[in-house]
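Participant: To start, I am sharing the structure in question, which I have written as structure tokens.
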Amino acid sequence: MDVDGTLADGKKWKELSHHGVLFPPPYAPLKPTVHMLYDDEPCPLAPAAEEVALFYAGMMKRDYVKHAVFNKNFMADWKTQMSAAEKAKITDLSKCDFSKMSAYLDANSEARKARPKEEKEVEKIQKAALKEKYGFAVIDGERCAIGNYNVEPPGLFQGRGEHPKMGKLKARLRPEDVTINVSDRASAPAPPPGTKWKEVVCKDDVTWLAAWTENIAGNSKYVMLAADSPLKQRADLEKYEKARRLKVLAPKIREAYTQMLKSTQMVDRQKSTALYFIDRLALRAGGEKDTEEEADTVGCCNLRFEHVFCEQSEDGETKYIRFDFPGKDSIRYENTVEVAVQVWKNIRIFKKEPKGPGDQLFDRLKVPELNAYLKDFMPGLTAKVWRTYNASITLQEQLKSTPVDGAVEEKFLAYQRANRAVAVLCNHQRGASKQHGAQVEKMDEALTDIKKQLKESKKKLKEEKKGDKNAKKVEQLKKKIAGLEVREKKKEIAKVDKEENKTIALSTSKLNYLDPRISAQWCKMHNVPRSKVYNKTQQTKFKWAIAFIEYETKIWEF
DNA sequence: GCCCGAACTTAGCATTAGGGAT
DNA sequence: ATCCCTAATGCTAAGTTCGGGC
């Protein structure tokens with residue numbers, strides 16, 4: 001077996017069996033009292049159109065329904081589900097009133113929440129039974145959890161950013177749409193009664209158990225094993241080993257591309273400048289995108305004229321590049337960084353007339369060329385490896401400022417800050433939660449309260465010492481004060497942590513970019529319980545790393 | 001070489017569960 | 001015991017990379 005989970009002959013497994021996928025229940029039409037109004041008149045719909053209307057009704061609280069593209073796409077696809085009569089009548093979305101349907105959905109979910117405990121318990125058991133059957137596959141003799149055994153239900157497509165396909169109808173999947181992958185066709189899972197699978201295949205060079213084609217962009221969707229499966233564990237290890245190898249090679253590669261910044265070949269200048277950004281800023285590769293079909297977002301190689309700006313200090317000594325572009329998931333990337341003079345000069349050249357807004361900054365460069373260049377330094381080295389390397393090395397460096405003899409809370413704050421530095425580097429953002437302000441306020445109140453108690457207790461202690469000097473009481477008060485001081489410190493740390501996390505998401509880097517061996521090592525070294533850094537699921541995902549550090553130390557120091 | 005589809009990783013948001021406060 | 005909030009989980013969209021076909 002090879003480390004990336006591939007068997008020596010390029011196969012992912014020898015034996016694979018599972019129970020297929022689970023489909024959502026068929027659509028249950030609404031009671032006649034719950035209907036749409038059209039032009040203020042009741043307008044009952046046949047089930048096909050009603051189901052799609054209900055999808056829309058379920059999104060009335062979302063911003064999507066205010067979006068012209070969403071509404072246009074929705075209307076077009078909704079019509080495909082209408083009868084001729086419905087189509088003739090319903091021509092204007094603004095005349096559709098879904099409020100009864102929305103209210104019905106709200107009432108439904110309230111009622112679900114309010115169900116008696118026993119009923120919820122029964123449902124839980126039923127769900128567990130389904131997981132027991134459909135949630136596991138046997139791969140080379142080992143029973144492994146499956147990541148996603150429920151096929152995606154129908155609904156309205158919720159693309160991120162200015163996605164041209166938002167609001168389109170995501171079709172309901174039938175067994176006839178789903179391909180099943182197993183090692184033995186004869187013992188393939190049975191499709192639901194009266195149906196057939198699209199196909200049963202025995203593809204042992206892939207890891208998916210089932211696949212289908214989604215109807216919005218025509219992309220493939222897969223059912224795959226969960227993160228704790230040997231296949232995924234080995235792939236994760238291999239990813240970080242590659243990044244670790246890059247650490248050794250990076251100085252050599254830097255030397256090479258720094259030379260190339262001055263190349264007479266425009267392709268090479270662009271290649272080296274792009275790599276400079278990927279190395280220094282951990283930018284994504286930035287492959288080509290079809291703006292007719294998807295949101296307009298960019299990464300490094302497909303940056304355009306309008307995304308980068310050459311700036312400098314007043315004396316002209318220090319050169320800066322300012323970046324401002326929509327990245328993956330349409331998350332804005334804004335950053336101004338000091339750069340080598342040659343890089344700054346290059347960008348000025350790449351932006352020279354006749355180039356203008358809309359034009360590619362690196363017009364001679366495509367991701368495959370950059371990756372081909374990297375491959376010569378190390379097999380498997382691609383732009384993405386730099387991001388992993390950058391994130392992990394940043395964590396490793398930042399963790400060095402952990403207070404050696406601080407309390408666990410202080411050490412953990414240092415860890416959070418190291419994690420945060422990585423999240424900032426990778427531009428992992430999140431929308432500030434609606435309750436953020438209230439939560440901080442609450443913490444402030446709690447702090448004020450602790451401080452007040454502390455003041456009172458201290459005053460009492462002083463009086464007690466002056467007064468009848470009850471030794472027991474003095475002792476009690478001292479204890480109370482010490483306890484309050486610990487609580488105060490904890491709360492203050494937690495508040496700092498919360499405030500600093502307002503719009504920064506730590507989980508993405510923790511889950512995908514930070515070598516878990518560094519974190520496991522850190523816990524061991526600083527005597528911090530591993531559960532402080534990784535919850536149960538994360539510990540399962542990273543069990544390979546936890547096993548690793550029993551034998552190895554200083555994973556990223558060599 | 002280039003284009004495109006397949007495969008797999010990375011991403012943020014919505015929902016749910018469960019643990020602490022009352 | 002219940003309620004409420006946070007943390008965990010679920011979900012699926014959006015990236016990167018690879019490899020096969022022309």
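Ordered as shown in the structure tokens, chains take letters A, B, and onward, while each chain numbers its residues from 1 and ligands are numbered from 1 in the order shown.
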Show me, as a PDB file with all heavy atoms, in the first residue's frame, every residue of chain A with an atom at most 10 Å from chain C, counting only C-alpha atoms (C1' of nucleotides).
Facilitator:
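Generated output (out.pdb):
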ATOM      1  N   GLY A 147     -19.270   9.276   4.291  1.00  0.00           N
ATOM      2  CA  GLY A 147     -19.434  10.707   4.569  1.00  0.00           C
ATOM      3  C   GLY A 147     -20.825  11.218   4.286  1.00  0.00           C
ATOM      4  O   GLY A 147     -21.403  11.959   5.074  1.00  0.00           O
ATOM      5  N   ASN A 148     -21.383  10.850   3.145  1.00  0.00           N
ATOM      6  CA  ASN A 148     -22.674  11.386   2.701  1.00  0.00           C
ATOM      7  C   ASN A 148     -23.501  10.330   1.995  1.00  0.00           C
ATOM      8  O   ASN A 148     -23.445  10.232   0.786  1.00  0.00           O
ATOM      9  CB  ASN A 148     -22.437  12.562   1.751  1.00  0.00           C
ATOM     10  CG  ASN A 148     -21.586  12.190   0.554  1.00  0.00           C
ATOM     11  OD1 ASN A 148     -20.633  11.422   0.673  1.00  0.00           O
ATOM     12  ND2 ASN A 148     -21.918  12.703  -0.612  1.00  0.00           N
ATOM     13  N   GLU A 152     -28.559  14.270  -2.477  1.00  0.00           N
ATOM     14  CA  GLU A 152     -29.011  15.635  -2.292  1.00  0.00           C
ATOM     15  C   GLU A 152     -30.474  15.782  -2.687  1.00  0.00           C
ATOM     16  O   GLU A 152     -30.865  15.348  -3.765  1.00  0.00           O
ATOM     17  CB  GLU A 152     -28.127  16.585  -3.116  1.00  0.00           C
ATOM     18  CG  GLU A 152     -26.716  16.632  -2.577  1.00  0.00           C
ATOM     19  CD  GLU A 152     -25.768  17.441  -3.457  1.00  0.00           C
ATOM     20  OE1 GLU A 152     -26.260  18.253  -4.266  1.00  0.00           O
ATOM     21  OE2 GLU A 152     -24.546  17.267  -3.311  1.00  0.00           O
ATOM     22  N   PHE A 157     -31.280  26.162  -6.515  1.00  0.00           N
ATOM     23  CA  PHE A 157     -29.827  26.273  -6.464  1.00  0.00           C
ATOM     24  C   PHE A 157     -29.413  27.557  -5.750  1.00  0.00           C
ATOM     25  O   PHE A 157     -29.849  28.648  -6.097  1.00  0.00           O
ATOM     26  CB  PHE A 157     -29.242  26.234  -7.875  1.00  0.00           C
ATOM     27  CG  PHE A 157     -27.754  26.403  -7.908  1.00  0.00           C
ATOM     28  CD1 PHE A 157     -26.918  25.383  -7.464  1.00  0.00           C
ATOM     29  CD2 PHE A 157     -27.179  27.575  -8.369  1.00  0.00           C
ATOM     30  CE1 PHE A 157     -25.542  25.532  -7.483  1.00  0.00           C
ATOM     31  CE2 PHE A 157     -25.806  27.736  -8.395  1.00  0.00           C
ATOM     32  CZ  PHE A 157     -24.983  26.706  -7.948  1.00  0.00           C
ATOM     33  N   GLN A 158     -28.543  27.396  -4.752  1.00  0.00           N
ATOM     34  CA  GLN A 158     -28.079  28.548  -3.984  1.00  0.00           C
ATOM     35  C   GLN A 158     -26.603  28.787  -4.239  1.00  0.00           C
ATOM     36  O   GLN A 158     -25.753  28.391  -3.448  1.00  0.00           O
ATOM     37  CB  GLN A 158     -28.340  28.306  -2.503  1.00  0.00           C
ATOM     38  CG  GLN A 158     -29.822  28.234  -2.186  1.00  0.00           C
ATOM     39  CD  GLN A 158     -30.093  27.751  -0.784  1.00  0.00           C
ATOM     40  OE1 GLN A 158     -30.483  26.613  -0.572  1.00  0.00           O
ATOM     41  NE2 GLN A 158     -29.877  28.631   0.183  1.00  0.00           N
ATOM     42  N   GLY A 159     -26.324  29.384  -5.371  1.00  0.00           N
ATOM     43  CA  GLY A 159     -24.939  29.703  -5.695  1.00  0.00           C
ATOM     44  C   GLY A 159     -24.452  30.855  -4.848  1.00  0.00           C
ATOM     45  O   GLY A 159     -25.254  31.659  -4.373  1.00  0.00           O
ATOM     46  N   ARG A 160     -23.132  30.942  -4.651  1.00  0.00           N
ATOM     47  CA  ARG A 160     -22.583  32.018  -3.827  1.00  0.00           C
ATOM     48  C   ARG A 160     -22.181  33.198  -4.702  1.00  0.00           C
ATOM     49  O   ARG A 160     -21.806  33.019  -5.854  1.00  0.00           O
ATOM     50  CB  ARG A 160     -21.357  31.511  -3.075  1.00  0.00           C
ATOM     51  CG  ARG A 160     -21.536  30.105  -2.531  1.00  0.00           C
ATOM     52  CD  ARG A 160     -21.334  30.014  -1.047  1.00  0.00           C
ATOM     53  NE  ARG A 160     -21.756  28.710  -0.554  1.00  0.00           N
ATOM     54  CZ  ARG A 160     -20.905  27.711  -0.295  1.00  0.00           C
ATOM     55  NH1 ARG A 160     -19.620  27.878  -0.489  1.00  0.00           N
ATOM     56  NH2 ARG A 160     -21.357  26.566   0.159  1.00  0.00           N
ATOM     57  N   LYS A 221     -21.330  14.465  -8.823  1.00  0.00           N
ATOM     58  CA  LYS A 221     -21.418  14.471  -7.355  1.00  0.00           C
ATOM     59  C   LYS A 221     -21.123  13.049  -6.909  1.00  0.00           C
ATOM     60  O   LYS A 221     -21.489  12.097  -7.601  1.00  0.00           O
ATOM     61  CB  LYS A 221     -22.821  14.871  -6.909  1.00  0.00           C
ATOM     62  CG  LYS A 221     -23.211  16.271  -7.313  1.00  0.00           C
ATOM     63  CD  LYS A 221     -22.715  17.267  -6.279  1.00  0.00           C
ATOM     64  CE  LYS A 221     -23.279  18.643  -6.549  1.00  0.00           C
ATOM     65  NZ  LYS A 221     -23.463  19.407  -5.331  1.00  0.00           N
ATOM     66  N   ARG A 284      -4.524  31.200  -3.813  1.00  0.00           N
ATOM     67  CA  ARG A 284      -4.928  29.988  -4.542  1.00  0.00           C
ATOM     68  C   ARG A 284      -4.394  30.068  -5.974  1.00  0.00           C
ATOM     69  O   ARG A 284      -4.099  31.163  -6.470  1.00  0.00           O
ATOM     70  CB  ARG A 284      -6.452  29.853  -4.585  1.00  0.00           C
ATOM     71  CG  ARG A 284      -7.079  29.603  -3.241  1.00  0.00           C
ATOM     72  CD  ARG A 284      -8.571  29.301  -3.378  1.00  0.00           C
ATOM     73  NE  ARG A 284      -9.172  29.219  -2.057  1.00  0.00           N
ATOM     74  CZ  ARG A 284      -9.599  30.257  -1.357  1.00  0.00           C
ATOM     75  NH1 ARG A 284      -9.535  31.464  -1.877  1.00  0.00           N
ATOM     76  NH2 ARG A 284     -10.113  30.096  -0.161  1.00  0.00           N
ATOM     77  N   ALA A 285      -4.385  28.933  -6.649  1.00  0.00           N
ATOM     78  CA  ALA A 285      -3.830  28.869  -8.002  1.00  0.00           C
ATOM     79  C   ALA A 285      -4.559  29.832  -8.957  1.00  0.00           C
ATOM     80  O   ALA A 285      -3.934  30.626  -9.638  1.00  0.00           O
ATOM     81  CB  ALA A 285      -3.899  27.446  -8.526  1.00  0.00           C
ATOM     82  N   GLY A 286      -5.870  29.731  -8.982  1.00  0.00           N
ATOM     83  CA  GLY A 286      -6.650  30.615  -9.854  1.00  0.00           C
ATOM     84  C   GLY A 286      -6.779  30.089 -11.267  1.00  0.00           C
ATOM     85  O   GLY A 286      -6.224  30.647 -12.210  1.00  0.00           O
ATOM     86  N   GLY A 287      -7.533  29.001 -11.410  1.00  0.00           N
ATOM     87  CA  GLY A 287      -7.766  28.401 -12.722  1.00  0.00           C
ATOM     88  C   GLY A 287      -8.785  29.191 -13.518  1.00  0.00           C
ATOM     89  O   GLY A 287      -9.428  30.103 -12.996  1.00  0.00           O
ATOM     90  N   GLU A 294     -20.691  30.700 -14.177  1.00  0.00           N
ATOM     91  CA  GLU A 294     -20.399  30.742 -12.746  1.00  0.00           C
ATOM     92  C   GLU A 294     -20.053  32.155 -12.297  1.00  0.00           C
ATOM     93  O   GLU A 294     -19.836  33.038 -13.120  1.00  0.00           O
ATOM     94  CB  GLU A 294     -19.287  29.738 -12.382  1.00  0.00           C
ATOM     95  CG  GLU A 294     -18.251  29.577 -13.452  1.00  0.00           C
ATOM     96  CD  GLU A 294     -17.361  28.345 -13.322  1.00  0.00           C
ATOM     97  OE1 GLU A 294     -17.466  27.602 -12.325  1.00  0.00           O
ATOM     98  OE2 GLU A 294     -16.539  28.140 -14.219  1.00  0.00           O
ATOM     99  N   ALA A 295     -20.000  32.343 -10.966  1.00  0.00           N
ATOM    100  CA  ALA A 295     -19.709  33.667 -10.416  1.00  0.00           C
ATOM    101  C   ALA A 295     -18.308  34.095 -10.826  1.00  0.00           C
ATOM    102  O   ALA A 295     -17.430  33.271 -11.020  1.00  0.00           O
ATOM    103  CB  ALA A 295     -19.835  33.633  -8.897  1.00  0.00           C
ATOM    104  N   GLY A 299      -8.289  33.717  -8.600  1.00  0.00           N
ATOM    105  CA  GLY A 299      -7.170  33.369  -7.731  1.00  0.00           C
ATOM    106  C   GLY A 299      -5.944  34.020  -8.335  1.00  0.00           C
ATOM    107  O   GLY A 299      -6.065  34.987  -9.096  1.00  0.00           O
ATOM    108  N   GLY A 327     -12.458  36.305  -4.231  1.00  0.00           N
ATOM    109  CA  GLY A 327     -11.840  34.979  -4.271  1.00  0.00           C
ATOM    110  C   GLY A 327     -12.881  33.872  -4.212  1.00  0.00           C
ATOM    111  O   GLY A 327     -14.067  34.104  -4.470  1.00  0.00           O
ATOM    112  N   LYS A 328     -12.434  32.687  -3.873  1.00  0.00           N
ATOM    113  CA  LYS A 328     -13.332  31.531  -3.783  1.00  0.00           C
ATOM    114  C   LYS A 328     -14.536  31.882  -2.909  1.00  0.00           C
ATOM    115  O   LYS A 328     -14.390  32.526  -1.868  1.00  0.00           O
ATOM    116  CB  LYS A 328     -12.585  30.342  -3.187  1.00  0.00           C
ATOM    117  CG  LYS A 328     -13.429  29.085  -3.073  1.00  0.00           C
ATOM    118  CD  LYS A 328     -12.646  27.921  -2.522  1.00  0.00           C
ATOM    119  CE  LYS A 328     -13.558  26.700  -2.400  1.00  0.00           C
ATOM    120  NZ  LYS A 328     -12.859  25.529  -1.859  1.00  0.00           N
ATOM    121  N   ASP A 329     -15.705  31.409  -3.326  1.00  0.00           N
ATOM    122  CA  ASP A 329     -16.957  31.689  -2.621  1.00  0.00           C
ATOM    123  C   ASP A 329     -17.285  33.184  -2.601  1.00  0.00           C
ATOM    124  O   ASP A 329     -18.051  33.643  -1.756  1.00  0.00           O
ATOM    125  CB  ASP A 329     -16.930  31.151  -1.184  1.00  0.00           C
ATOM    126  CG  ASP A 329     -16.880  29.636  -1.141  1.00  0.00           C
ATOM    127  OD1 ASP A 329     -17.730  29.006  -1.779  1.00  0.00           O
ATOM    128  OD2 ASP A 329     -15.968  29.092  -0.495  1.00  0.00           O
ATOM    129  N   SER A 330     -16.669  33.928  -3.521  1.00  0.00           N
ATOM    130  CA  SER A 330     -16.882  35.377  -3.623  1.00  0.00           C
ATOM    131  C   SER A 330     -16.500  36.113  -2.345  1.00  0.00           C
ATOM    132  O   SER A 330     -17.050  37.167  -2.034  1.00  0.00           O
ATOM    133  CB  SER A 330     -18.330  35.695  -4.013  1.00  0.00           C
ATOM    134  OG  SER A 330     -18.594  35.180  -5.300  1.00  0.00           O
ATOM    135  N   VAL A 367      -2.514  28.065 -15.090  1.00  0.00           N
ATOM    136  CA  VAL A 367      -2.144  27.225 -13.941  1.00  0.00           C
ATOM    137  C   VAL A 367      -1.352  25.976 -14.344  1.00  0.00           C
ATOM    138  O   VAL A 367      -0.344  25.670 -13.710  1.00  0.00           O
ATOM    139  CB  VAL A 367      -3.393  26.842 -13.111  1.00  0.00           C
ATOM    140  CG1 VAL A 367      -3.025  25.886 -11.994  1.00  0.00           C
ATOM    141  CG2 VAL A 367      -4.043  28.097 -12.530  1.00  0.00           C
ATOM    142  N   PRO A 368      -1.757  25.244 -15.391  1.00  0.00           N
ATOM    143  CA  PRO A 368      -1.010  24.029 -15.727  1.00  0.00           C
ATOM    144  C   PRO A 368       0.480  24.289 -16.004  1.00  0.00           C
ATOM    145  O   PRO A 368       1.326  23.461 -15.666  1.00  0.00           O
ATOM    146  CB  PRO A 368      -1.713  23.522 -16.987  1.00  0.00           C
ATOM    147  CG  PRO A 368      -3.086  24.068 -16.898  1.00  0.00           C
ATOM    148  CD  PRO A 368      -2.954  25.408 -16.233  1.00  0.00           C
ATOM    149  N   ASN A 371       2.201  24.769 -12.649  1.00  0.00           N
ATOM    150  CA  ASN A 371       2.348  23.478 -11.980  1.00  0.00           C
ATOM    151  C   ASN A 371       3.394  22.601 -12.661  1.00  0.00           C
ATOM    152  O   ASN A 371       4.128  21.865 -11.991  1.00  0.00           O
ATOM    153  CB  ASN A 371       1.000  22.757 -11.908  1.00  0.00           C
ATOM    154  CG  ASN A 371       0.122  23.334 -10.803  1.00  0.00           C
ATOM    155  OD1 ASN A 371       0.616  24.005  -9.891  1.00  0.00           O
ATOM    156  ND2 ASN A 371      -1.168  23.087 -10.897  1.00  0.00           N
ATOM    157  N   GLY A 380       4.655  15.868  -7.798  1.00  0.00           N
ATOM    158  CA  GLY A 380       3.451  16.146  -7.009  1.00  0.00           C
ATOM    159  C   GLY A 380       3.372  17.554  -6.472  1.00  0.00           C
ATOM    160  O   GLY A 380       2.389  17.926  -5.836  1.00  0.00           O
ATOM    161  N   THR A 382       2.474  21.224  -6.556  1.00  0.00           N
ATOM    162  CA  THR A 382       1.564  22.104  -7.292  1.00  0.00           C
ATOM    163  C   THR A 382       1.357  23.366  -6.463  1.00  0.00           C
ATOM    164  O   THR A 382       1.791  23.433  -5.309  1.00  0.00           O
ATOM    165  CB  THR A 382       0.184  21.429  -7.503  1.00  0.00           C
ATOM    166  OG1 THR A 382      -0.387  21.170  -6.224  1.00  0.00           O
ATOM    167  CG2 THR A 382       0.292  20.143  -8.294  1.00  0.00           C
ATOM    168  N   ALA A 383       0.642  24.322  -7.025  1.00  0.00           N
ATOM    169  CA  ALA A 383       0.393  25.593  -6.340  1.00  0.00           C
ATOM    170  C   ALA A 383      -0.268  25.370  -4.976  1.00  0.00           C
ATOM    171  O   ALA A 383       0.062  26.027  -3.992  1.00  0.00           O
ATOM    172  CB  ALA A 383      -0.483  26.483  -7.212  1.00  0.00           C
ATOM    173  N   LYS A 384      -1.179  24.432  -4.937  1.00  0.00           N
ATOM    174  CA  LYS A 384      -1.936  24.169  -3.713  1.00  0.00           C
ATOM    175  C   LYS A 384      -1.058  23.728  -2.548  1.00  0.00           C
ATOM    176  O   LYS A 384      -1.343  24.045  -1.389  1.00  0.00           O
ATOM    177  CB  LYS A 384      -2.970  23.094  -4.071  1.00  0.00           C
ATOM    178  CG  LYS A 384      -3.737  22.468  -2.975  1.00  0.00           C
ATOM    179  CD  LYS A 384      -4.915  21.748  -3.603  1.00  0.00           C
ATOM    180  CE  LYS A 384      -5.059  20.285  -3.275  1.00  0.00           C
ATOM    181  NZ  LYS A 384      -5.107  19.931  -1.884  1.00  0.00           N
ATOM    182  N   GLN A 439     -23.453  38.924  22.486  1.00  0.00           N
ATOM    183  CA  GLN A 439     -22.616  37.968  23.215  1.00  0.00           C
ATOM    184  C   GLN A 439     -21.472  38.669  23.944  1.00  0.00           C
ATOM    185  O   GLN A 439     -21.182  38.355  25.095  1.00  0.00           O
ATOM    186  CB  GLN A 439     -22.059  36.917  22.247  1.00  0.00           C
ATOM    187  CG  GLN A 439     -23.091  35.864  21.862  1.00  0.00           C
ATOM    188  CD  GLN A 439     -22.634  34.988  20.709  1.00  0.00           C
ATOM    189  OE1 GLN A 439     -21.524  35.126  20.220  1.00  0.00           O
ATOM    190  NE2 GLN A 439     -23.494  34.082  20.294  1.00  0.00           N
ATOM    191  N   ASN A 535     -12.182  18.794  18.809  1.00  0.00           N
ATOM    192  CA  ASN A 535     -13.372  18.131  19.345  1.00  0.00           C
ATOM    193  C   ASN A 535     -13.359  16.660  18.921  1.00  0.00           C
ATOM    194  O   ASN A 535     -12.437  16.204  18.254  1.00  0.00           O
ATOM    195  CB  ASN A 535     -14.652  18.861  18.925  1.00  0.00           C
ATOM    196  CG  ASN A 535     -14.915  18.757  17.423  1.00  0.00           C
ATOM    197  OD1 ASN A 535     -14.595  17.756  16.784  1.00  0.00           O
ATOM    198  ND2 ASN A 535     -15.496  19.792  16.863  1.00  0.00           N
ATOM    199  N   LYS A 536     -14.413  15.962  19.285  1.00  0.00           N
ATOM    200  CA  LYS A 536     -14.436  14.507  19.069  1.00  0.00           C
ATOM    201  C   LYS A 536     -14.270  14.151  17.587  1.00  0.00           C
ATOM    202  O   LYS A 536     -13.471  13.291  17.223  1.00  0.00           O
ATOM    203  CB  LYS A 536     -15.747  13.943  19.621  1.00  0.00           C
ATOM    204  CG  LYS A 536     -15.561  12.633  20.364  1.00  0.00           C
ATOM    205  CD  LYS A 536     -16.876  12.152  20.960  1.00  0.00           C
ATOM    206  CE  LYS A 536     -17.558  11.134  20.072  1.00  0.00           C
ATOM    207  NZ  LYS A 536     -18.984  10.966  20.351  1.00  0.00           N
ATOM    208  N   THR A 537     -15.049  14.817  16.748  1.00  0.00           N
ATOM    209  CA  THR A 537     -15.001  14.542  15.311  1.00  0.00           C
ATOM    210  C   THR A 537     -13.612  14.815  14.755  1.00  0.00           C
ATOM    211  O   THR A 537     -13.086  14.047  13.937  1.00  0.00           O
ATOM    212  CB  THR A 537     -15.997  15.441  14.565  1.00  0.00           C
ATOM    213  OG1 THR A 537     -17.205  15.461  15.297  1.00  0.00           O
ATOM    214  CG2 THR A 537     -16.244  14.956  13.170  1.00  0.00           C
TER     215      THR A 537
END
Participant: With only C-alpha atoms (C1' of nucleotides) considered, list every residue of chain B at most 9 Å from chain A, as a ChimeraX atom specification.
Facilitator: /B:5-13
Participant: Return as a list in words the full set of residues in stretch 232-424 of chain A whose backbone-based DSSP assignment is strand (DSSP E or B).
Facilitator: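 Residues meeting the strand (DSSP E or B) criterion: Arg304, Val308, Phe309, Cys310, Glu311, Gln312, Lys319, Tyr320, Ile321, Arg322, Phe323, Asp324, Phe325, Pro326, Arg332, Tyr333, Glu334, Asn335, Thr336, Val337, Glu338 and Gln360 of chain A.
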Participant: Which neighbours of A:Asn73 fall inside 12 Å, counting only C-alpha atoms (C1' of nucleotides), when residues of the same chain fewer than 3 positions from it are skipped, and could you give them as a list of chain:residue names?
Facilitator: A:Tyr56, A:Tyr64, A:Val65, A:His67, A:Ala68, A:Val69, A:Phe70, A:Ala76, A:Asp77, A:Trp78, A:Lys79, A:Thr80, A:Leu93, A:Leu156, A:Phe157, A:Gln158, A:Gly159, A:His163, A:Pro164, A:Lys165, A:Met166, A:Gly167, A:Lys168, A:Leu169, A:Lys170, A:Ile216
Participant: Hey, what does DSSP flag as helix (DSSP H, G or I) within stretch 343-528 of chain A? Can you give it to me as a count of residues only?
Facilitator: 132
Participant: Tell me, in Å to one decimal, how far atom CA of A:Ser94 is from atom CA of A:Tyr38.
Facilitator: 9.0 Å
Participant: For A:Tyr240, list every protein, DNA or RNA residue within 9 Å, evaluated using only C-alpha atoms (C1' of nucleotides), and leave out those in the same chain fewer than 6 positions away; present the list as a ChimeraX atom specification.
Facilitator: /A:385,388-389,392,513-516
Participant: Write a file of the just-selected residues containing all heavy atoms, as a compact mmCIF listing (two decimals), in the first residue's frame.
Facilitator:
# COMPACT_ATOMS: atom_id res chain seq x y z
N VAL A 385 0.02 23.02 -2.85
CA VAL A 385 0.92 22.54 -1.79
C VAL A 385 1.52 23.73 -1.02
O VAL A 385 1.73 23.65 0.19
CB VAL A 385 2.02 21.64 -2.37
CG1 VAL A 385 2.93 21.11 -1.26
CG2 VAL A 385 1.41 20.48 -3.15
N THR A 388 -0.77 24.82 1.77
CA THR A 388 -0.69 23.91 2.91
C THR A 388 0.60 24.16 3.69
O THR A 388 0.60 24.27 4.91
CB THR A 388 -0.71 22.44 2.43
OG1 THR A 388 -1.77 22.28 1.49
CG2 THR A 388 -0.91 21.49 3.60
N TYR A 389 1.69 24.25 2.94
CA TYR A 389 2.99 24.50 3.56
C TYR A 389 2.99 25.81 4.33
O TYR A 389 3.38 25.87 5.50
CB TYR A 389 4.07 24.50 2.47
CG TYR A 389 5.29 25.33 2.82
CD1 TYR A 389 6.20 24.90 3.77
CD2 TYR A 389 5.50 26.57 2.21
CE1 TYR A 389 7.30 25.68 4.11
CE2 TYR A 389 6.59 27.35 2.54
CZ TYR A 389 7.48 26.90 3.49
OH TYR A 389 8.55 27.68 3.83
N SER A 392 0.84 25.60 7.57
CA SER A 392 1.42 24.78 8.64
C SER A 392 2.68 25.41 9.23
O SER A 392 2.87 25.41 10.44
CB SER A 392 1.72 23.37 8.12
OG SER A 392 0.52 22.67 7.93
N TYR A 513 -5.70 22.72 6.45
CA TYR A 513 -4.37 23.26 6.13
C TYR A 513 -3.30 23.04 7.19
O TYR A 513 -2.12 23.15 6.89
CB TYR A 513 -4.47 24.76 5.85
CG TYR A 513 -5.12 25.06 4.54
CD1 TYR A 513 -6.41 25.55 4.47
CD2 TYR A 513 -4.44 24.83 3.35
CE1 TYR A 513 -7.01 25.82 3.25
CE2 TYR A 513 -5.02 25.11 2.13
CZ TYR A 513 -6.32 25.60 2.09
OH TYR A 513 -6.89 25.87 0.88
N LEU A 514 -3.73 22.81 8.43
CA LEU A 514 -2.75 22.73 9.50
C LEU A 514 -2.39 21.28 9.79
O LEU A 514 -3.26 20.49 10.18
CB LEU A 514 -3.29 23.41 10.75
CG LEU A 514 -3.62 24.90 10.53
CD1 LEU A 514 -4.23 25.50 11.78
CD2 LEU A 514 -2.36 25.67 10.13
N ASP A 515 -1.13 20.94 9.60
CA ASP A 515 -0.68 19.58 9.89
C ASP A 515 -1.07 19.25 11.33
O ASP A 515 -0.56 19.87 12.28
CB ASP A 515 0.83 19.48 9.70
CG ASP A 515 1.32 18.03 9.81
OD1 ASP A 515 0.64 17.23 10.49
OD2 ASP A 515 2.36 17.71 9.21
N PRO A 516 -1.97 18.28 11.53
CA PRO A 516 -2.46 17.99 12.87
C PRO A 516 -1.37 17.49 13.81
O PRO A 516 -1.51 17.54 15.03
CB PRO A 516 -3.53 16.92 12.65
CG PRO A 516 -3.23 16.33 11.31
CD PRO A 516 -2.61 17.43 10.51
Participant: Within 12 Å of A:Val182, counting only C-alpha atoms (C1' of nucleotides), which residues qualify if same-chain residues fewer than 4 places away don't, as a count of residues only?
Facilitator: 30
Participant: What is the atom CA of A:Pro191-atom CA of A:Arg174 distance in Å, reported with one decimal?
Facilitator: 10.0 Å
